[in-house]
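Here's work04.cif, which has mmCIF, C-alpha atoms and all ligand atoms:
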data_my_file
#
loop_
_atom_site.label_atom_id
_atom_site.label_comp_id
_atom_site.auth_asym_id
_atom_site.auth_seq_id
_atom_site.Cartn_x
_atom_site.Cartn_y
_atom_site.Cartn_z
CA MET A 1 17.16 -1.65 -14.25
CA THR A 2 15.05 -4.66 -13.40
CA GLN A 3 13.60 -5.90 -10.18
CA LYS A 4 15.40 -8.50 -8.11
CA ASN A 5 14.20 -12.03 -7.57
CA PHE A 6 13.45 -11.32 -3.92
CA GLY A 7 15.41 -14.30 -2.72
CA ARG A 8 14.71 -16.94 -5.30
CA ARG A 9 14.33 -17.57 -8.99
CA ILE A 10 10.93 -18.01 -10.59
CA ARG A 11 10.04 -21.69 -10.89
CA LEU A 12 9.35 -22.40 -14.55
CA GLY A 13 7.75 -25.40 -16.28
CA MET A 14 7.63 -26.22 -19.98
CA VAL A 15 5.25 -28.02 -22.33
CA GLY A 16 6.97 -28.96 -25.61
CA GLY A 17 10.55 -28.17 -26.51
CA GLY A 18 11.90 -31.72 -26.38
CA GLN A 19 14.88 -33.16 -28.22
CA GLY A 20 14.94 -31.93 -31.81
CA ALA A 21 12.38 -29.16 -31.25
CA PHE A 22 13.14 -25.55 -32.15
CA ILE A 23 11.60 -22.83 -30.04
CA GLY A 24 11.62 -24.55 -26.63
CA GLY A 25 15.41 -24.25 -26.55
CA VAL A 26 15.16 -20.55 -27.40
CA HIS A 27 12.72 -20.03 -24.50
CA ARG A 28 15.11 -21.80 -22.15
CA ILE A 29 18.01 -19.56 -23.21
CA ALA A 30 15.79 -16.48 -22.94
CA ALA A 31 14.78 -17.51 -19.43
CA ARG A 32 18.42 -18.00 -18.38
CA LEU A 33 19.88 -14.81 -19.76
CA ASP A 34 18.99 -12.66 -16.76
CA ASP A 35 19.07 -15.46 -14.15
CA ARG A 36 15.48 -14.86 -13.16
CA TYR A 37 14.05 -18.38 -13.78
CA GLU A 38 14.80 -21.99 -12.94
CA LEU A 39 13.34 -24.76 -15.14
CA VAL A 40 12.08 -27.42 -12.74
CA ALA A 41 9.29 -29.38 -14.47
CA GLY A 42 7.97 -30.31 -17.86
CA VAL A 43 6.38 -32.53 -20.43
CA PHE A 44 8.66 -32.05 -23.38
CA SER A 45 7.19 -34.26 -26.09
CA SER A 46 4.05 -36.14 -27.08
CA ASP A 47 6.27 -39.23 -27.11
CA ALA A 48 6.69 -40.35 -23.46
CA GLN A 49 10.15 -41.81 -23.94
CA ARG A 50 11.44 -38.74 -25.76
CA SER A 51 9.87 -36.51 -23.11
CA ARG A 52 11.68 -38.40 -20.33
CA ALA A 53 14.97 -38.36 -22.22
CA SER A 54 14.61 -34.62 -22.81
CA ALA A 55 13.87 -34.06 -19.10
CA GLN A 56 17.04 -35.98 -18.21
CA ASP A 57 19.08 -33.87 -20.64
CA LEU A 58 17.76 -30.78 -18.88
CA GLY A 59 18.40 -32.03 -15.34
CA ILE A 60 14.72 -32.19 -14.40
CA ALA A 61 13.98 -34.37 -11.34
CA ASP A 62 12.23 -37.64 -12.25
CA ASP A 63 9.11 -36.82 -10.24
CA ARG A 64 8.69 -33.58 -12.18
CA SER A 65 9.03 -35.11 -15.63
CA TYR A 66 5.41 -35.67 -16.61
CA SER A 67 3.63 -37.72 -19.26
CA GLY A 68 0.92 -35.16 -20.02
CA PHE A 69 0.16 -31.47 -19.46
CA ASP A 70 -3.06 -32.08 -17.48
CA ALA A 71 -1.28 -34.28 -14.96
CA MET A 72 1.56 -31.77 -14.78
CA ALA A 73 -0.76 -28.81 -14.10
CA LYS A 74 -2.55 -30.68 -11.29
CA ALA A 75 0.59 -32.07 -9.67
CA GLU A 76 2.52 -28.79 -9.84
CA ALA A 77 -0.41 -26.80 -8.45
CA ALA A 78 -0.52 -29.20 -5.48
CA ARG A 79 3.18 -28.85 -4.60
CA PRO A 80 4.35 -26.19 -2.14
CA ASP A 81 7.33 -25.68 -4.44
CA GLY A 82 5.26 -25.98 -7.63
CA ILE A 83 5.95 -23.98 -10.79
CA GLU A 84 4.78 -20.36 -10.86
CA VAL A 85 4.75 -20.05 -14.64
CA VAL A 86 4.74 -22.44 -17.60
CA ALA A 87 6.06 -21.95 -21.13
CA ILE A 88 3.84 -23.48 -23.84
CA VAL A 89 6.04 -24.24 -26.86
CA THR A 90 4.05 -26.93 -28.67
CA PRO A 91 2.62 -26.76 -32.21
CA ASN A 92 -0.30 -24.34 -32.53
CA HIS A 93 -3.16 -26.82 -31.99
CA LEU A 94 -1.66 -27.67 -28.60
CA HIS A 95 -1.67 -24.16 -27.16
CA PHE A 96 -5.28 -23.78 -26.01
CA GLY A 97 -5.55 -27.01 -23.94
CA PRO A 98 -2.34 -26.53 -21.95
CA CYS A 99 -3.02 -22.78 -21.50
CA ARG A 100 -6.42 -23.58 -20.02
CA ALA A 101 -5.09 -26.39 -17.80
CA PHE A 102 -2.35 -24.25 -16.24
CA LEU A 103 -4.40 -21.07 -15.88
CA GLU A 104 -7.20 -23.02 -14.19
CA ALA A 105 -4.58 -24.50 -11.87
CA GLY A 106 -3.56 -20.94 -10.91
CA ILE A 107 -0.28 -20.89 -12.85
CA HIS A 108 0.89 -17.98 -15.04
CA VAL A 109 1.40 -18.78 -18.74
CA ILE A 110 3.98 -17.75 -21.33
CA CYS A 111 2.73 -19.03 -24.71
CA ASP A 112 4.20 -18.91 -28.17
CA LYS A 113 2.27 -17.57 -31.17
CA PRO A 114 -0.19 -17.78 -32.83
CA VAL A 115 -2.05 -18.01 -29.54
CA THR A 116 -4.57 -20.62 -30.74
CA THR A 117 -5.73 -22.11 -34.05
CA THR A 118 -9.05 -20.22 -34.18
CA LEU A 119 -10.32 -16.77 -33.24
CA ALA A 120 -13.16 -18.33 -31.24
CA GLU A 121 -10.64 -20.22 -29.10
CA ALA A 122 -8.52 -17.11 -28.60
CA LYS A 123 -11.59 -15.23 -27.36
CA GLU A 124 -12.50 -18.13 -25.07
CA LEU A 125 -8.98 -18.11 -23.70
CA ALA A 126 -9.31 -14.41 -22.88
CA GLY A 127 -12.23 -15.30 -20.57
CA ILE A 128 -10.21 -18.08 -18.93
CA ILE A 129 -7.30 -15.70 -18.32
CA GLU A 130 -9.62 -13.08 -16.85
CA ARG A 131 -11.27 -15.56 -14.49
CA SER A 132 -7.92 -17.04 -13.43
CA GLY A 133 -6.42 -13.69 -12.47
CA ARG A 134 -3.09 -15.03 -13.75
CA LEU A 135 -0.64 -13.41 -16.16
CA PHE A 136 -0.55 -14.31 -19.84
CA ILE A 137 2.44 -13.46 -22.00
CA LEU A 138 2.52 -14.10 -25.75
CA THR A 139 6.02 -14.37 -27.22
CA HIS A 140 5.78 -12.12 -30.24
CA ASN A 141 9.46 -11.75 -29.53
CA TYR A 142 10.28 -9.04 -32.08
CA THR A 143 8.59 -6.56 -29.74
CA GLY A 144 11.57 -7.11 -27.45
CA TYR A 145 13.99 -5.63 -29.98
CA PRO A 146 15.51 -2.29 -28.94
CA MET A 147 15.11 -0.70 -32.37
CA LEU A 148 11.40 -1.62 -32.49
CA ARG A 149 11.01 -0.05 -29.04
CA GLN A 150 12.77 2.98 -30.51
CA MET A 151 10.38 3.15 -33.48
CA ARG A 152 7.42 2.84 -31.16
CA GLU A 153 8.68 5.64 -28.92
CA MET A 154 9.42 7.96 -31.86
CA ILE A 155 6.05 7.37 -33.54
CA ALA A 156 4.18 7.89 -30.26
CA ALA A 157 6.13 11.13 -29.77
CA GLY A 158 4.89 12.36 -33.17
CA MET A 159 8.31 12.36 -34.82
CA ILE A 160 6.98 11.12 -38.17
CA GLY A 161 3.63 12.89 -37.84
CA LYS A 162 0.27 11.37 -38.63
CA LEU A 163 0.65 7.83 -39.93
CA ARG A 164 0.17 7.36 -43.68
CA HIS A 165 1.71 4.10 -44.81
CA VAL A 166 3.01 0.86 -43.25
CA GLN A 167 5.09 -1.62 -45.22
CA ALA A 168 5.63 -4.86 -43.29
CA GLU A 169 7.42 -7.95 -44.58
CA TYR A 170 8.47 -11.34 -43.33
CA ALA A 171 10.14 -13.52 -45.96
CA GLN A 172 11.74 -16.96 -45.66
CA ASP A 173 12.57 -19.66 -48.20
CA TRP A 174 12.63 -22.92 -46.23
CA LEU A 175 9.27 -24.12 -47.65
CA THR A 176 10.27 -23.53 -51.28
CA GLU A 177 9.98 -27.28 -51.88
CA ALA A 178 7.64 -29.85 -50.29
CA VAL A 179 9.92 -30.51 -47.32
CA GLU A 180 6.85 -31.53 -45.30
CA THR A 181 6.87 -34.80 -47.25
CA THR A 182 10.44 -35.61 -46.24
CA GLY A 183 9.86 -36.15 -42.51
CA ALA A 184 10.68 -32.59 -41.41
CA LYS A 185 8.39 -32.34 -38.36
CA GLY A 186 8.32 -28.55 -38.11
CA ALA A 187 7.24 -28.38 -41.76
CA GLU A 188 4.73 -31.20 -41.36
CA TRP A 189 2.58 -29.57 -38.69
CA ARG A 190 2.97 -26.08 -40.14
CA THR A 191 1.42 -27.17 -43.46
CA ASP A 192 -1.41 -29.16 -41.84
CA PRO A 193 -4.58 -27.10 -41.18
CA ALA A 194 -5.55 -29.39 -38.28
CA ARG A 195 -2.35 -28.54 -36.40
CA SER A 196 -1.41 -25.12 -37.75
CA GLY A 197 -4.83 -23.48 -38.07
CA ALA A 198 -6.28 -21.76 -41.14
CA GLY A 199 -3.08 -19.87 -41.92
CA GLY A 200 0.18 -21.18 -43.34
CA ALA A 201 2.85 -18.52 -43.89
CA ILE A 202 0.36 -15.90 -42.82
CA GLY A 203 -0.10 -17.54 -39.41
CA ASP A 204 3.47 -18.66 -38.89
CA ILE A 205 5.32 -15.47 -39.82
CA GLY A 206 2.67 -13.06 -41.16
CA THR A 207 1.37 -12.68 -37.60
CA HIS A 208 4.85 -11.61 -36.46
CA ALA A 209 5.05 -8.87 -39.13
CA PHE A 210 1.47 -7.82 -38.37
CA ASN A 211 2.14 -7.70 -34.63
CA ALA A 212 5.43 -5.83 -35.06
CA ALA A 213 3.74 -3.21 -37.27
CA ALA A 214 0.92 -2.75 -34.75
CA PHE A 215 3.43 -2.56 -31.90
CA VAL A 216 5.50 0.23 -33.43
CA THR A 217 2.64 2.27 -34.90
CA GLY A 218 0.12 1.84 -32.09
CA GLU A 219 -2.51 1.24 -34.78
CA THR A 220 -4.20 -1.95 -35.97
CA PRO A 221 -5.82 -2.16 -39.40
CA ASP A 222 -9.56 -2.74 -39.39
CA ARG A 223 -9.86 -4.06 -42.98
CA LEU A 224 -7.69 -6.04 -45.35
CA TYR A 225 -7.62 -7.48 -48.84
CA ALA A 226 -5.59 -10.66 -49.14
CA ASP A 227 -4.27 -12.82 -51.93
CA LEU A 228 -3.01 -16.07 -50.40
CA THR A 229 -1.24 -18.68 -52.51
CA SER A 230 0.06 -22.22 -52.05
CA PHE A 231 2.78 -22.31 -54.67
CA VAL A 232 3.96 -25.80 -53.81
CA PRO A 233 1.62 -28.36 -55.39
CA GLY A 234 -0.43 -30.35 -52.88
CA ARG A 235 0.19 -27.94 -49.98
CA ALA A 236 -3.05 -27.27 -48.09
CA LEU A 237 -2.08 -23.90 -46.62
CA ASP A 238 -0.69 -20.66 -48.04
CA ASP A 239 3.05 -20.40 -48.43
CA SER A 240 2.90 -16.80 -49.64
CA ALA A 241 0.55 -13.94 -48.81
CA ASN A 242 0.11 -10.46 -50.31
CA ILE A 243 -2.15 -8.25 -48.22
CA LEU A 244 -3.44 -4.68 -48.45
CA LEU A 245 -4.29 -3.02 -45.12
CA ARG A 246 -6.62 -0.15 -44.27
CA TYR A 247 -6.64 1.64 -40.93
CA ALA A 248 -9.53 3.50 -39.32
CA SER A 249 -7.23 6.56 -39.12
CA GLY A 250 -7.00 6.66 -42.92
CA ALA A 251 -3.53 5.12 -42.99
CA LYS A 252 -2.88 2.28 -45.41
CA GLY A 253 -0.43 -0.55 -45.53
CA MET A 254 0.92 -3.63 -47.25
CA LEU A 255 2.05 -6.88 -45.69
CA TRP A 256 3.98 -9.59 -47.46
CA ALA A 257 4.64 -12.94 -45.80
CA SER A 258 6.34 -15.68 -47.76
CA GLN A 259 8.07 -18.97 -47.04
CA ILE A 260 9.01 -19.58 -50.67
CA ALA A 261 11.01 -16.37 -51.26
CA VAL A 262 14.31 -17.93 -52.30
CA GLY A 263 17.29 -16.25 -50.71
CA ASN A 264 15.46 -14.99 -47.63
CA GLU A 265 16.15 -16.51 -44.20
CA ASN A 266 14.21 -14.62 -41.52
CA ALA A 267 13.86 -11.35 -43.35
CA ILE A 268 11.42 -9.33 -41.28
CA SER A 269 11.37 -5.62 -42.02
CA LEU A 270 9.28 -2.56 -41.30
CA ARG A 271 9.01 0.72 -43.16
CA VAL A 272 6.64 3.29 -41.73
CA TYR A 273 5.79 6.68 -43.21
CA GLY A 274 3.96 9.65 -41.74
CA GLU A 275 3.20 13.22 -42.81
CA LYS A 276 6.54 14.46 -41.41
CA GLY A 277 8.99 11.60 -41.80
CA GLY A 278 9.82 7.96 -42.29
CA LEU A 279 11.41 5.10 -40.36
CA GLU A 280 13.01 1.98 -41.81
CA TRP A 281 14.28 -1.16 -40.06
CA HIS A 282 15.51 -4.50 -41.39
CA HIS A 283 16.31 -7.65 -39.43
CA GLY A 284 19.62 -8.01 -41.26
CA ALA A 285 20.80 -4.77 -39.64
CA ILE A 286 18.99 -5.37 -36.38
CA ASP A 287 20.74 -2.65 -34.38
CA GLN A 288 20.16 0.10 -36.95
CA LEU A 289 17.15 2.31 -37.49
CA TRP A 290 16.95 4.85 -40.31
CA PHE A 291 15.01 8.01 -39.54
CA THR A 292 14.28 10.58 -42.22
CA PRO A 293 12.60 13.82 -41.22
CA TYR A 294 11.05 15.07 -44.49
CA GLY A 295 13.42 17.28 -46.47
CA GLU A 296 16.44 16.36 -44.36
CA PRO A 297 19.21 13.80 -44.81
CA LYS A 298 18.64 10.29 -43.45
CA ARG A 299 19.82 9.76 -39.87
CA LEU A 300 21.16 6.47 -38.59
CA ILE A 301 20.10 5.62 -35.04
CA THR A 302 22.01 2.72 -33.45
CA ARG A 303 21.16 0.55 -30.48
CA ASN A 304 22.68 2.05 -27.35
CA GLY A 305 24.27 4.64 -29.61
CA ALA A 306 23.61 8.18 -30.75
CA GLY A 307 19.94 9.00 -31.07
CA ALA A 308 18.60 6.00 -29.14
CA GLY A 309 16.05 6.92 -26.49
CA PRO A 310 15.12 5.51 -23.09
CA ALA A 311 12.66 2.86 -24.37
CA ALA A 312 15.40 1.24 -26.50
CA ASN A 313 18.20 1.77 -24.00
CA ARG A 314 16.20 0.05 -21.26
CA VAL A 315 16.21 -3.22 -23.25
CA SER A 316 19.77 -2.94 -24.61
CA ARG A 317 22.31 -5.16 -22.91
CA VAL A 318 25.77 -4.42 -24.31
CA PRO A 319 27.45 -1.28 -25.68
CA SER A 320 26.71 -0.19 -29.24
CA GLY A 321 28.74 -2.01 -31.86
CA HIS A 322 28.59 -5.30 -29.98
CA PRO A 323 25.73 -7.07 -31.78
CA GLU A 324 22.57 -8.16 -30.00
CA GLY A 325 19.94 -10.30 -31.64
CA TYR A 326 17.13 -12.81 -31.55
CA LEU A 327 18.03 -14.41 -28.21
CA GLU A 328 18.43 -11.11 -26.37
CA GLY A 329 15.15 -9.81 -27.83
CA PHE A 330 13.41 -12.95 -26.65
CA ALA A 331 15.04 -12.56 -23.24
CA ASN A 332 13.67 -9.03 -22.98
CA ILE A 333 10.15 -10.50 -23.08
CA TYR A 334 11.15 -13.02 -20.38
CA ARG A 335 12.67 -10.24 -18.27
CA GLU A 336 9.51 -8.15 -18.43
CA ALA A 337 7.45 -11.25 -17.67
CA ALA A 338 9.72 -11.88 -14.66
CA ASP A 339 9.11 -8.35 -13.39
CA ALA A 340 5.36 -8.90 -13.66
CA ILE A 341 5.50 -12.37 -12.05
CA VAL A 342 7.58 -11.18 -9.09
CA ALA A 343 5.26 -8.19 -8.68
CA ALA A 344 2.25 -10.55 -8.71
CA ARG A 345 4.00 -12.76 -6.16
CA LEU A 346 4.44 -9.77 -3.88
CA GLY A 347 1.05 -8.25 -4.63
CA ILE A 348 2.60 -5.04 -5.98
CA LEU A 349 2.72 -3.35 -9.36
CA PRO A 350 5.76 -4.03 -11.58
CA GLY A 351 8.42 -1.40 -10.98
CA VAL A 352 9.13 -0.87 -14.67
CA GLU A 353 6.95 -0.46 -17.71
CA VAL A 354 5.69 -3.87 -18.83
CA VAL A 355 5.06 -3.92 -22.56
CA TYR A 356 5.11 -7.60 -23.49
CA PRO A 357 2.28 -8.82 -25.76
CA GLY A 358 -0.65 -10.68 -24.23
CA ILE A 359 -4.01 -12.14 -25.12
CA ARG A 360 -5.23 -8.92 -26.78
CA GLU A 361 -2.42 -9.22 -29.34
CA GLY A 362 -3.21 -12.94 -29.69
CA ILE A 363 -6.86 -12.23 -30.50
CA VAL A 364 -5.95 -9.55 -33.02
CA GLY A 365 -3.48 -11.96 -34.64
CA LEU A 366 -6.17 -14.62 -35.09
CA ALA A 367 -8.61 -11.98 -36.40
CA PHE A 368 -5.92 -11.07 -38.94
CA ILE A 369 -5.44 -14.69 -40.05
CA GLU A 370 -9.16 -15.38 -40.35
CA ALA A 371 -9.89 -12.13 -42.18
CA ALA A 372 -7.05 -12.84 -44.64
CA VAL A 373 -8.29 -16.36 -45.36
CA GLU A 374 -11.84 -15.06 -45.83
CA SER A 375 -10.75 -12.18 -48.07
CA SER A 376 -8.63 -14.41 -50.26
CA ARG A 377 -11.47 -16.94 -50.59
CA THR A 378 -14.13 -14.37 -51.52
CA GLY A 379 -11.93 -11.96 -53.43
CA SER A 380 -13.19 -9.02 -51.39
CA TRP A 381 -12.24 -6.78 -48.47
CA ALA A 382 -12.68 -8.37 -45.05
CA ARG A 383 -13.05 -6.79 -41.64
CA LEU A 384 -10.91 -7.84 -38.67
CA SER A 385 -13.40 -8.93 -36.02
CA ALA A 386 -11.24 -8.76 -32.93
CA HIS A 387 -14.04 -7.61 -30.59
N1 LIG B 401 8.34 -16.73 -31.59
C1 LIG B 401 9.03 -17.29 -32.55
O1 LIG B 401 9.95 -16.70 -33.11
C2 LIG B 401 8.72 -18.70 -32.96
C3 LIG B 401 9.61 -19.41 -33.77
C4 LIG B 401 9.32 -20.75 -34.07
C5 LIG B 401 8.17 -21.32 -33.60
N2 LIG B 401 7.29 -20.60 -32.85
C6 LIG B 401 6.05 -21.21 -32.35
O2 LIG B 401 6.41 -22.13 -31.32
C7 LIG B 401 5.57 -23.28 -31.37
C8 LIG B 401 6.45 -24.53 -31.54
O3 LIG B 401 7.19 -24.43 -32.73
P1 LIG B 401 8.54 -25.26 -32.97
O4 LIG B 401 9.14 -24.73 -34.21
O5 LIG B 401 9.37 -25.29 -31.75
O6 LIG B 401 7.92 -26.71 -33.24
P2 LIG B 401 8.67 -28.09 -33.14
O7 LIG B 401 7.89 -29.05 -33.98
O8 LIG B 401 10.13 -27.92 -33.41
O9 LIG B 401 8.53 -28.51 -31.59
C9 LIG B 401 7.31 -28.82 -30.99
C10 LIG B 401 7.56 -29.59 -29.71
O10 LIG B 401 6.32 -29.83 -29.04
C11 LIG B 401 6.31 -31.19 -28.62
N3 LIG B 401 4.96 -31.66 -28.41
C12 LIG B 401 4.01 -31.99 -29.32
N4 LIG B 401 2.88 -32.42 -28.71
C13 LIG B 401 3.13 -32.36 -27.38
C14 LIG B 401 2.37 -32.66 -26.22
N5 LIG B 401 1.11 -33.13 -26.31
N6 LIG B 401 2.93 -32.48 -25.01
C15 LIG B 401 4.20 -32.04 -24.90
N7 LIG B 401 4.97 -31.72 -25.95
C16 LIG B 401 4.44 -31.89 -27.17
C17 LIG B 401 7.04 -31.93 -29.73
O11 LIG B 401 7.45 -33.21 -29.30
C18 LIG B 401 8.20 -30.96 -29.93
O12 LIG B 401 9.18 -31.18 -28.92
C19 LIG B 401 4.60 -23.03 -32.52
O13 LIG B 401 3.40 -22.53 -32.02
C20 LIG B 401 5.30 -22.00 -33.37
O14 LIG B 401 4.40 -21.19 -34.11
C21 LIG B 401 7.57 -19.32 -32.52
#
Using the file provided, produce a representation of the structure as structure tokens.
Ligand SMILES: NC(=O)c1ccc[n+]([C@@H]2O[C@H](COP(=O)([O-])OP(=O)(O)OC[C@H]3O[C@@H](n4cnc5c(N)ncnc54)[C@H](O)[C@@H]3O)[C@@H](O)[C@H]2O)c1
Amino acid sequence: MTQKNFGRRIRLGMVGGGQGAFIGGVHRIAARLDDRYELVAGVFSSDAQRSRASAQDLGIADDRSYSGFDAMAKAEAARPDGIEVVAIVTPNHLHFGPCRAFLEAGIHVICDKPVTTTLAEAKELAGIIERSGRLFILTHNYTGYPMLRQMREMIAAGMIGKLRHVQAEYAQDWLTEAVETTGAKGAEWRTDPARSGAGGAIGDIGTHAFNAAAFVTGETPDRLYADLTSFVPGRALDDSANILLRYASGAKGMLWASQIAVGNENAISLRVYGEKGGLEWHHGAIDQLWFTPYGEPKRLITRNGAGAGPAANRVSRVPSGHPEGYLEGFANIYREAADAIVAARLGILPGVEVVYPGIREGIVGLAFIEAAVESSRTGSWARLSAH
């Protein structure tokens, strides 16, 4: 059950996500799935003509199709019907500036990951969010998946016992060759330290695996040992990362992030082991979670099916056996954000548990990237300095 809109949809703006872009379109679908938002304003590209054309495609009124995010934040804040929340879906180096502009204009922010390009900026952003009193939602969208909610609930309930080992992976193959030299924009900025930040694969997808592991286990490693590689000649950032993790609790882990792993598309997976049992989940079988209490046969838990608990059922949309996926998981983050935004509008607490990631997860993600780069450079263990 979710809260109602109390008479009207949430007015949403967008920065990025113009014609030919990837994730902006996903955010728009996610925002539409539960009918809680209405996209009414935006600056969709750094190219003014393309931004205007994109706004027209999306049915945005001419006076709300802007040429820059600063102008948009000011103008929208001054309108009685101005946007209440903005989605920031630009390349990484263009997260901090828009986030600051909208928060300082009193507008809630939904931002894609990694939150900024440096840890220092992420920490600075935390201060800006705090002073603004506005909401900040970071779309580590895998946390919206029912089976990850299930893992989290089972681990918190002690069903695998004290945590011992975490095995997190995110493997792709689309950067196996130097596609960044062929005009592929998404590859261009992702392999450029000035626009991507210090991490390549580790920042782009390693942070998702890291965040997902922290989300389900409730624990964040405090030290790591990383071996980052750029296999493609001339590439300035890592395209593959092997990382050992150590937790303050004594648990250990391994994280592998690769964009040159031929045959993998978006192969994120988690395997988590405790003193009493293990849990295993793979993106390719998104609605299935394997649970093995030690000494007993494996049990298959399915989304909205036998064995699924309230945390997973709350974010499941259709009966078991009908597949749900990436878009629905993303929409779960938007739905929880909507609950929080409507509650903020009314000055009340959200009526349901709000578990979406925020700036804390963003800071930890940047601490992870910077520690990994440092460890790989020095050939020694590095501490995550998220505080
Ligand atoms: N959560 C996820 O699963 C996921 C998946 C892909 C990308 N991402 C993240 O989303 C962000 C965008 O990635 P993408 O793949 O969509 O990139 P993209 O290159 O496909 O799109 C970026 C868009 O931003 C626009 N843009 C650039 N500068 C701008 C400016 N100054 N003002 C307005 N718009 C501007 C570009 O014109 C383009 O439309 C990145 O931070 C990326 O890490 C997240």
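The environment of His27 (chain A) within 10 Å, counting only C-alpha atoms and disregarding residues fewer than 6 places along the same chain, consists of Met14, Gly17, Ala87, Ile88, Val89, Ile110, Asp112, Thr139, Leu327, Phe330, Ala331, Ile333 and Tyr334 of chain A.
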Near region 222-230 of chain A, counting all atoms listed in the file, which residues have an atom at most 7 Å away, once you skip same-chain residues fewer than 4 positions from it, shown as a ChimeraX atom specification?
/A:235,237-248,372,375-376,380-384
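A straight line drawn from CA of Glu374 (chain A) to CA of Ala386 (chain A) is 14.4 Å long.
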Let me have the centre and edge lengths of the axis-aligned box enclosing all listed atoms of region 85-91 of chain A with 3 Å padding on every side, in Å to one decimal, as JSON.
{"center_x": 4.3, "center_y": -23.5, "center_z": -23.4, "size_x": 9.4, "size_y": 12.9, "size_z": 23.6}
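Picture a line from CA of Pro91 (chain A) to atom O3 of ligand LIG 401 (chain B); it runs 5.2 Å.
CA of Glu370 (chain A) is positioned 18.0 Å from CA of Ala213 (chain A).
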Given 7 Å and all atoms listed in the file, residues near ligand LIG 401 (chain B) as number ranges by chain:
A: 15-24, 43-47, 68-69, 89-92, 94, 112-114, 139-141, 185-186, 204
Write out, as a PDB file, keeping the file's coordinate frame, the residues just selected, with C-alpha atoms.
ATOM      1  CA  VAL A  15       5.250 -28.020 -22.330  1.00  0.00           C
ATOM      2  CA  GLY A  16       6.970 -28.960 -25.610  1.00  0.00           C
ATOM      3  CA  GLY A  17      10.550 -28.170 -26.510  1.00  0.00           C
ATOM      4  CA  GLY A  18      11.900 -31.720 -26.380  1.00  0.00           C
ATOM      5  CA  GLN A  19      14.880 -33.160 -28.220  1.00  0.00           C
ATOM      6  CA  GLY A  20      14.940 -31.930 -31.810  1.00  0.00           C
ATOM      7  CA  ALA A  21      12.380 -29.160 -31.250  1.00  0.00           C
ATOM      8  CA  PHE A  22      13.140 -25.550 -32.150  1.00  0.00           C
ATOM      9  CA  ILE A  23      11.600 -22.830 -30.040  1.00  0.00           C
ATOM     10  CA  GLY A  24      11.620 -24.550 -26.630  1.00  0.00           C
ATOM     11  CA  VAL A  43       6.380 -32.530 -20.430  1.00  0.00           C
ATOM     12  CA  PHE A  44       8.660 -32.050 -23.380  1.00  0.00           C
ATOM     13  CA  SER A  45       7.190 -34.260 -26.090  1.00  0.00           C
ATOM     14  CA  SER A  46       4.050 -36.140 -27.080  1.00  0.00           C
ATOM     15  CA  ASP A  47       6.270 -39.230 -27.110  1.00  0.00           C
ATOM     16  CA  GLY A  68       0.920 -35.160 -20.020  1.00  0.00           C
ATOM     17  CA  PHE A  69       0.160 -31.470 -19.460  1.00  0.00           C
ATOM     18  CA  VAL A  89       6.040 -24.240 -26.860  1.00  0.00           C
ATOM     19  CA  THR A  90       4.050 -26.930 -28.670  1.00  0.00           C
ATOM     20  CA  PRO A  91       2.620 -26.760 -32.210  1.00  0.00           C
ATOM     21  CA  ASN A  92      -0.300 -24.340 -32.530  1.00  0.00           C
ATOM     22  CA  LEU A  94      -1.660 -27.670 -28.600  1.00  0.00           C
ATOM     23  CA  ASP A 112       4.200 -18.910 -28.170  1.00  0.00           C
ATOM     24  CA  LYS A 113       2.270 -17.570 -31.170  1.00  0.00           C
ATOM     25  CA  PRO A 114      -0.190 -17.780 -32.830  1.00  0.00           C
ATOM     26  CA  THR A 139       6.020 -14.370 -27.220  1.00  0.00           C
ATOM     27  CA  HIS A 140       5.780 -12.120 -30.240  1.00  0.00           C
ATOM     28  CA  ASN A 141       9.460 -11.750 -29.530  1.00  0.00           C
ATOM     29  CA  LYS A 185       8.390 -32.340 -38.360  1.00  0.00           C
ATOM     30  CA  GLY A 186       8.320 -28.550 -38.110  1.00  0.00           C
ATOM     31  CA  ASP A 204       3.470 -18.660 -38.890  1.00  0.00           C
TER      32      ASP A 204
END
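Using all atoms listed in the file, the shortest contact distance between Ala209 (chain A) and any of A:Ala171, A:Leu12, A:Val115, A:Ala157 is found at A:Ala171.
Proximity to Gly309 (chain A) was assessed for A:His165, A:His208, A:Arg335, A:Arg152 counting all atoms listed in the file; the smallest distance is recorded for A:Arg152.
Compared by their closest atoms to Arg11 (chain A), and using only C-alpha atoms, the residues A:Arg134, A:Ala41, A:Lys276, A:Val355 rank with A:Ala41 nearest.
Each of A:Arg149, A:Arg314, A:Arg100, A:Arg164 was checked against Arg131 (chain A) using only C-alpha atoms; the smallest atom-to-atom distance is that of A:Arg100.
Closest approach to Ile155 (chain A) among A:Ala61, A:Val216, A:Val232, A:Ile268: A:Val216, based on all atoms listed in the file.
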I'd like the contact shell of Gly305 (chain A) - 9 Å cut-off, all atoms listed in the file, skipping same-chain residues fewer than 2 positions apart - returned as a PyMOL selection string.
chain A and resi 301-303+307-308+313+319-321
Please, could you write that set of residues out with C-alpha atoms as a CSV table (one decimal), in the coordinates of the input?
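Dumped everything to again.csv:
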chain,number,residue,atom,x,y,z
A,301,ILE,CA,20.1,5.6,-35.0
A,302,THR,CA,22.0,2.7,-33.4
A,303,ARG,CA,21.2,0.6,-30.5
A,307,GLY,CA,19.9,9.0,-31.1
A,308,ALA,CA,18.6,6.0,-29.1
A,313,ASN,CA,18.2,1.8,-24.0
A,319,PRO,CA,27.4,-1.3,-25.7
A,320,SER,CA,26.7,-0.2,-29.2
A,321,GLY,CA,28.7,-2.0,-31.9
